[in-house]
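Notes follow once the structure below has been shown.
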Amino acid sequence: MKKLFLTLALVLPMAVFAQKLGHINTQELFTQMPELTQIRQEIDNLSGQYEDQIANMQEEYNRKIADYQQNESTLGDAVKQIRQQEIAEMEQRIQLFYQTAQQDIQKKQQELVAPVHEKMSKAIQEVGKEGGFTYVFDSAATVYIAPDAIDIMPQVRQKLGIK
């Protein structure tokens, strides 16, 4: 029994030191993904469409304000109040549309980016398994990386076909 404990006491620390640790900067890898060009283009197109609509709404708003200011002195109190209310409602619609557009753009971006993150994660896991790594850490969030830690970025980039 003593021999078993002695053997375990000697072998267990060696097993702990035999762990293979790797690291990768996922933020850097993400910026190198070829899909990002198409994602940026789609988001830019969508943003452009919303910007055009907001510009049209803003032009109409500015026309209403200019018209109101030009004719204010000739308008009766009831008509002034109605026009002021119309202008205020139009301003609210523009703000609401802007907020909705921002949310739509953000949702679309998340929708387009999710498969890229999944693809990266799968490649990192495959390299980790193939390389016999016990752990793979994200070096973007790591405070210290030992000199003997293995950077698996080249293997993951190769698996993803990134040069």
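Identifiers in the structure tokens: chain A, B, ... in order shown; residue index from 1 per chain; ligand index from 1 in order shown.
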Find the residues around range 22-31 of chain A up to 7 Å (only C-alpha atoms counted), leave out those fewer than 2 positions away in its own chain, and share them as number ranges by chain. A: 20, 33, 133, 135-140, 149-153
Report as a PyMOL selection string: the residues of chain A with a DSSP assignment of strand (DSSP E or B), based on the backbone of this structure. chain A and resi 21-24+135-138+150-151
Go ahead and save the picked residues with C-alpha atoms, as a short mmCIF file (atom, residue, chain, number, x, y, z; two decimals), in the first residue's frame.
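As a result, result11.cif now contains:
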data_model
loop_
_atom_site.label_atom_id
_atom_site.label_comp_id
_atom_site.auth_asym_id
_atom_site.auth_seq_id
_atom_site.Cartn_x
_atom_site.Cartn_y
_atom_site.Cartn_z
CA LEU A 21 -0.74 24.23 -23.37
CA GLY A 22 -1.45 26.36 -26.40
CA HIS A 23 -2.61 29.87 -27.04
CA ILE A 24 -4.14 31.86 -29.86
CA TYR A 135 -5.80 23.60 -22.93
CA VAL A 136 -5.85 26.34 -25.54
CA PHE A 137 -6.08 29.84 -24.09
CA ASP A 138 -7.10 33.06 -25.79
CA ILE A 150 2.75 27.02 -27.96
CA ASP A 151 1.17 29.57 -30.30
#
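Residue neighbourhood of Lys159 in chain A, excluding near-sequence residues (fewer than 6 positions): Ala123, Ile124, Glu126 and Val127 of chain A, at 9 Å, using only C-alpha atoms.
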Shell of 12 Å around Gln99 in chain A, only C-alpha atoms, local chain residues under 5 positions omitted, as a compact mmCIF listing (two decimals) with N, CA and C atoms, in the first residue's frame:
# COMPACT_ATOMS: atom_id res chain seq x y z
N TYR A 50 -30.32 52.65 -45.00
CA TYR A 50 -30.94 53.35 -43.87
C TYR A 50 -30.55 54.83 -43.87
N GLU A 51 -29.29 55.11 -44.18
CA GLU A 51 -28.84 56.51 -44.21
C GLU A 51 -29.60 57.30 -45.27
N ILE A 54 -33.06 57.98 -43.89
CA ILE A 54 -33.01 59.00 -42.84
C ILE A 54 -32.77 60.37 -43.46
N GLN A 92 -39.94 62.73 -33.78
CA GLN A 92 -39.99 61.47 -33.04
C GLN A 92 -39.89 60.28 -33.99
N ARG A 93 -40.57 60.34 -35.14
CA ARG A 93 -40.50 59.25 -36.12
C ARG A 93 -39.07 59.08 -36.64
N ILE A 94 -38.40 60.19 -36.87
CA ILE A 94 -37.00 60.11 -37.35
C ILE A 94 -36.13 59.46 -36.29
N ASP A 104 -31.41 47.02 -36.23
CA ASP A 104 -31.41 46.10 -37.38
C ASP A 104 -30.00 45.84 -37.89
N ILE A 105 -29.21 46.88 -37.97
CA ILE A 105 -27.82 46.73 -38.44
C ILE A 105 -27.04 45.85 -37.47
N GLN A 106 -27.21 46.10 -36.18
CA GLN A 106 -26.52 45.31 -35.17
C GLN A 106 -26.95 43.84 -35.23
Can you list every residue of range 64-105 of chain A that has an atom at most 12 Å from range 34-47 of chain A, with its nearest atom pair and the distance in Å to one decimal, using only C-alpha atoms, ordered by chain then number, as a tab-separated table?
residue	atom	partner	partner_atom	distance
A:Tyr98	CA	A:Ser47	CA	10.7
A:Thr100	CA	A:Ser47	CA	11.7
A:Ala101	CA	A:Ser47	CA	8.0
A:Gln102	CA	A:Ser47	CA	8.5
A:Gln103	CA	A:Ser47	CA	11.1
A:Asp104	CA	A:Leu46	CA	9.0
A:Ile105	CA	A:Ile43	CA	6.8
Dump of N, CA, C and O atoms for the selected residues, as a compact mmCIF listing (two decimals), in the first residue's frame:
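Below is the file again.txt, written as the result:
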# COMPACT_ATOMS: atom_id res chain seq x y z
N TYR A 98 -34.25 55.90 -36.66
CA TYR A 98 -32.81 55.80 -36.48
C TYR A 98 -32.46 54.69 -35.48
O TYR A 98 -31.58 53.87 -35.73
N THR A 100 -34.30 52.09 -34.65
CA THR A 100 -34.66 50.80 -35.25
C THR A 100 -33.61 50.38 -36.28
O THR A 100 -33.23 49.21 -36.33
N ALA A 101 -33.15 51.33 -37.05
CA ALA A 101 -32.11 51.05 -38.06
C ALA A 101 -30.84 50.54 -37.37
O ALA A 101 -30.24 49.55 -37.81
N GLN A 102 -30.44 51.21 -36.29
CA GLN A 102 -29.24 50.78 -35.56
C GLN A 102 -29.41 49.36 -35.03
O GLN A 102 -28.49 48.54 -35.12
N GLN A 103 -30.58 49.06 -34.50
CA GLN A 103 -30.84 47.71 -33.98
C GLN A 103 -30.81 46.69 -35.10
O GLN A 103 -30.26 45.59 -34.94
N ASP A 104 -31.41 47.02 -36.23
CA ASP A 104 -31.41 46.10 -37.38
C ASP A 104 -30.00 45.84 -37.89
O ASP A 104 -29.65 44.70 -38.21
N ILE A 105 -29.21 46.88 -37.97
CA ILE A 105 -27.82 46.73 -38.44
C ILE A 105 -27.04 45.85 -37.47
O ILE A 105 -26.31 44.95 -37.88
Got a sec: who's within 12 Å of range 72-88 of chain A, counting only C-alpha atoms, leaving out chain neighbours fewer than 4 positions off, as a PDB file with N, CA, C and O atoms, in the first residue's frame?
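Written output follows (selection-v9.pdb):
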ATOM      1  N   MET A  57     -36.019  61.595 -44.849  1.00  0.00           N
ATOM      2  CA  MET A  57     -36.894  62.022 -43.758  1.00  0.00           C
ATOM      3  C   MET A  57     -36.427  63.366 -43.187  1.00  0.00           C
ATOM      4  O   MET A  57     -37.244  64.234 -42.886  1.00  0.00           O
ATOM      5  N   GLN A  58     -35.124  63.520 -43.072  1.00  0.00           N
ATOM      6  CA  GLN A  58     -34.556  64.758 -42.541  1.00  0.00           C
ATOM      7  C   GLN A  58     -34.845  65.935 -43.476  1.00  0.00           C
ATOM      8  O   GLN A  58     -35.168  67.030 -43.009  1.00  0.00           O
ATOM      9  N   GLU A  60     -37.425  66.220 -45.525  1.00  0.00           N
ATOM     10  CA  GLU A  60     -38.840  66.539 -45.374  1.00  0.00           C
ATOM     11  C   GLU A  60     -39.079  67.318 -44.077  1.00  0.00           C
ATOM     12  O   GLU A  60     -39.833  68.296 -44.043  1.00  0.00           O
ATOM     13  N   TYR A  61     -38.412  66.912 -43.028  1.00  0.00           N
ATOM     14  CA  TYR A  61     -38.510  67.591 -41.729  1.00  0.00           C
ATOM     15  C   TYR A  61     -38.032  69.036 -41.851  1.00  0.00           C
ATOM     16  O   TYR A  61     -38.704  69.963 -41.377  1.00  0.00           O
ATOM     17  N   ASN A  62     -36.887  69.222 -42.500  1.00  0.00           N
ATOM     18  CA  ASN A  62     -36.339  70.574 -42.678  1.00  0.00           C
ATOM     19  C   ASN A  62     -37.272  71.449 -43.525  1.00  0.00           C
ATOM     20  O   ASN A  62     -37.426  72.642 -43.248  1.00  0.00           O
ATOM     21  N   ARG A  63     -37.902  70.847 -44.552  1.00  0.00           N
ATOM     22  CA  ARG A  63     -38.862  71.595 -45.378  1.00  0.00           C
ATOM     23  C   ARG A  63     -40.063  72.051 -44.539  1.00  0.00           C
ATOM     24  O   ARG A  63     -40.530  73.169 -44.661  1.00  0.00           O
ATOM     25  N   LYS A  64     -40.556  71.141 -43.703  1.00  0.00           N
ATOM     26  CA  LYS A  64     -41.708  71.492 -42.858  1.00  0.00           C
ATOM     27  C   LYS A  64     -41.351  72.629 -41.900  1.00  0.00           C
ATOM     28  O   LYS A  64     -42.158  73.542 -41.696  1.00  0.00           O
ATOM     29  N   ILE A  65     -40.161  72.568 -41.328  1.00  0.00           N
ATOM     30  CA  ILE A  65     -39.736  73.625 -40.406  1.00  0.00           C
ATOM     31  C   ILE A  65     -39.590  74.950 -41.165  1.00  0.00           C
ATOM     32  O   ILE A  65     -40.062  75.991 -40.689  1.00  0.00           O
ATOM     33  N   ALA A  66     -38.958  74.907 -42.323  1.00  0.00           N
ATOM     34  CA  ALA A  66     -38.782  76.137 -43.118  1.00  0.00           C
ATOM     35  C   ALA A  66     -40.126  76.714 -43.525  1.00  0.00           C
ATOM     36  O   ALA A  66     -40.338  77.939 -43.438  1.00  0.00           O
ATOM     37  N   ASP A  67     -41.037  75.851 -43.936  1.00  0.00           N
ATOM     38  CA  ASP A  67     -42.372  76.299 -44.332  1.00  0.00           C
ATOM     39  C   ASP A  67     -43.100  76.920 -43.134  1.00  0.00           C
ATOM     40  O   ASP A  67     -43.739  77.971 -43.251  1.00  0.00           O
ATOM     41  N   TYR A  68     -42.982  76.258 -42.006  1.00  0.00           N
ATOM     42  CA  TYR A  68     -43.626  76.769 -40.793  1.00  0.00           C
ATOM     43  C   TYR A  68     -43.052  78.138 -40.424  1.00  0.00           C
ATOM     44  O   TYR A  68     -43.800  79.081 -40.134  1.00  0.00           O
ATOM     45  N   GLN A  92     -39.941  62.733 -33.785  1.00  0.00           N
ATOM     46  CA  GLN A  92     -39.991  61.474 -33.039  1.00  0.00           C
ATOM     47  C   GLN A  92     -39.886  60.276 -33.985  1.00  0.00           C
ATOM     48  O   GLN A  92     -39.211  59.287 -33.681  1.00  0.00           O
ATOM     49  N   ARG A  93     -40.568  60.343 -35.142  1.00  0.00           N
ATOM     50  CA  ARG A  93     -40.501  59.252 -36.115  1.00  0.00           C
ATOM     51  C   ARG A  93     -39.073  59.077 -36.636  1.00  0.00           C
ATOM     52  O   ARG A  93     -38.602  57.949 -36.808  1.00  0.00           O
ATOM     53  N   ILE A  94     -38.398  60.192 -36.869  1.00  0.00           N
ATOM     54  CA  ILE A  94     -37.002  60.111 -37.349  1.00  0.00           C
ATOM     55  C   ILE A  94     -36.131  59.457 -36.287  1.00  0.00           C
ATOM     56  O   ILE A  94     -35.328  58.574 -36.602  1.00  0.00           O
ATOM     57  N   GLN A  95     -36.290  59.860 -35.043  1.00  0.00           N
ATOM     58  CA  GLN A  95     -35.503  59.268 -33.958  1.00  0.00           C
ATOM     59  C   GLN A  95     -35.799  57.778 -33.793  1.00  0.00           C
ATOM     60  O   GLN A  95     -34.887  56.964 -33.631  1.00  0.00           O
TER      61      GLN A  95
END
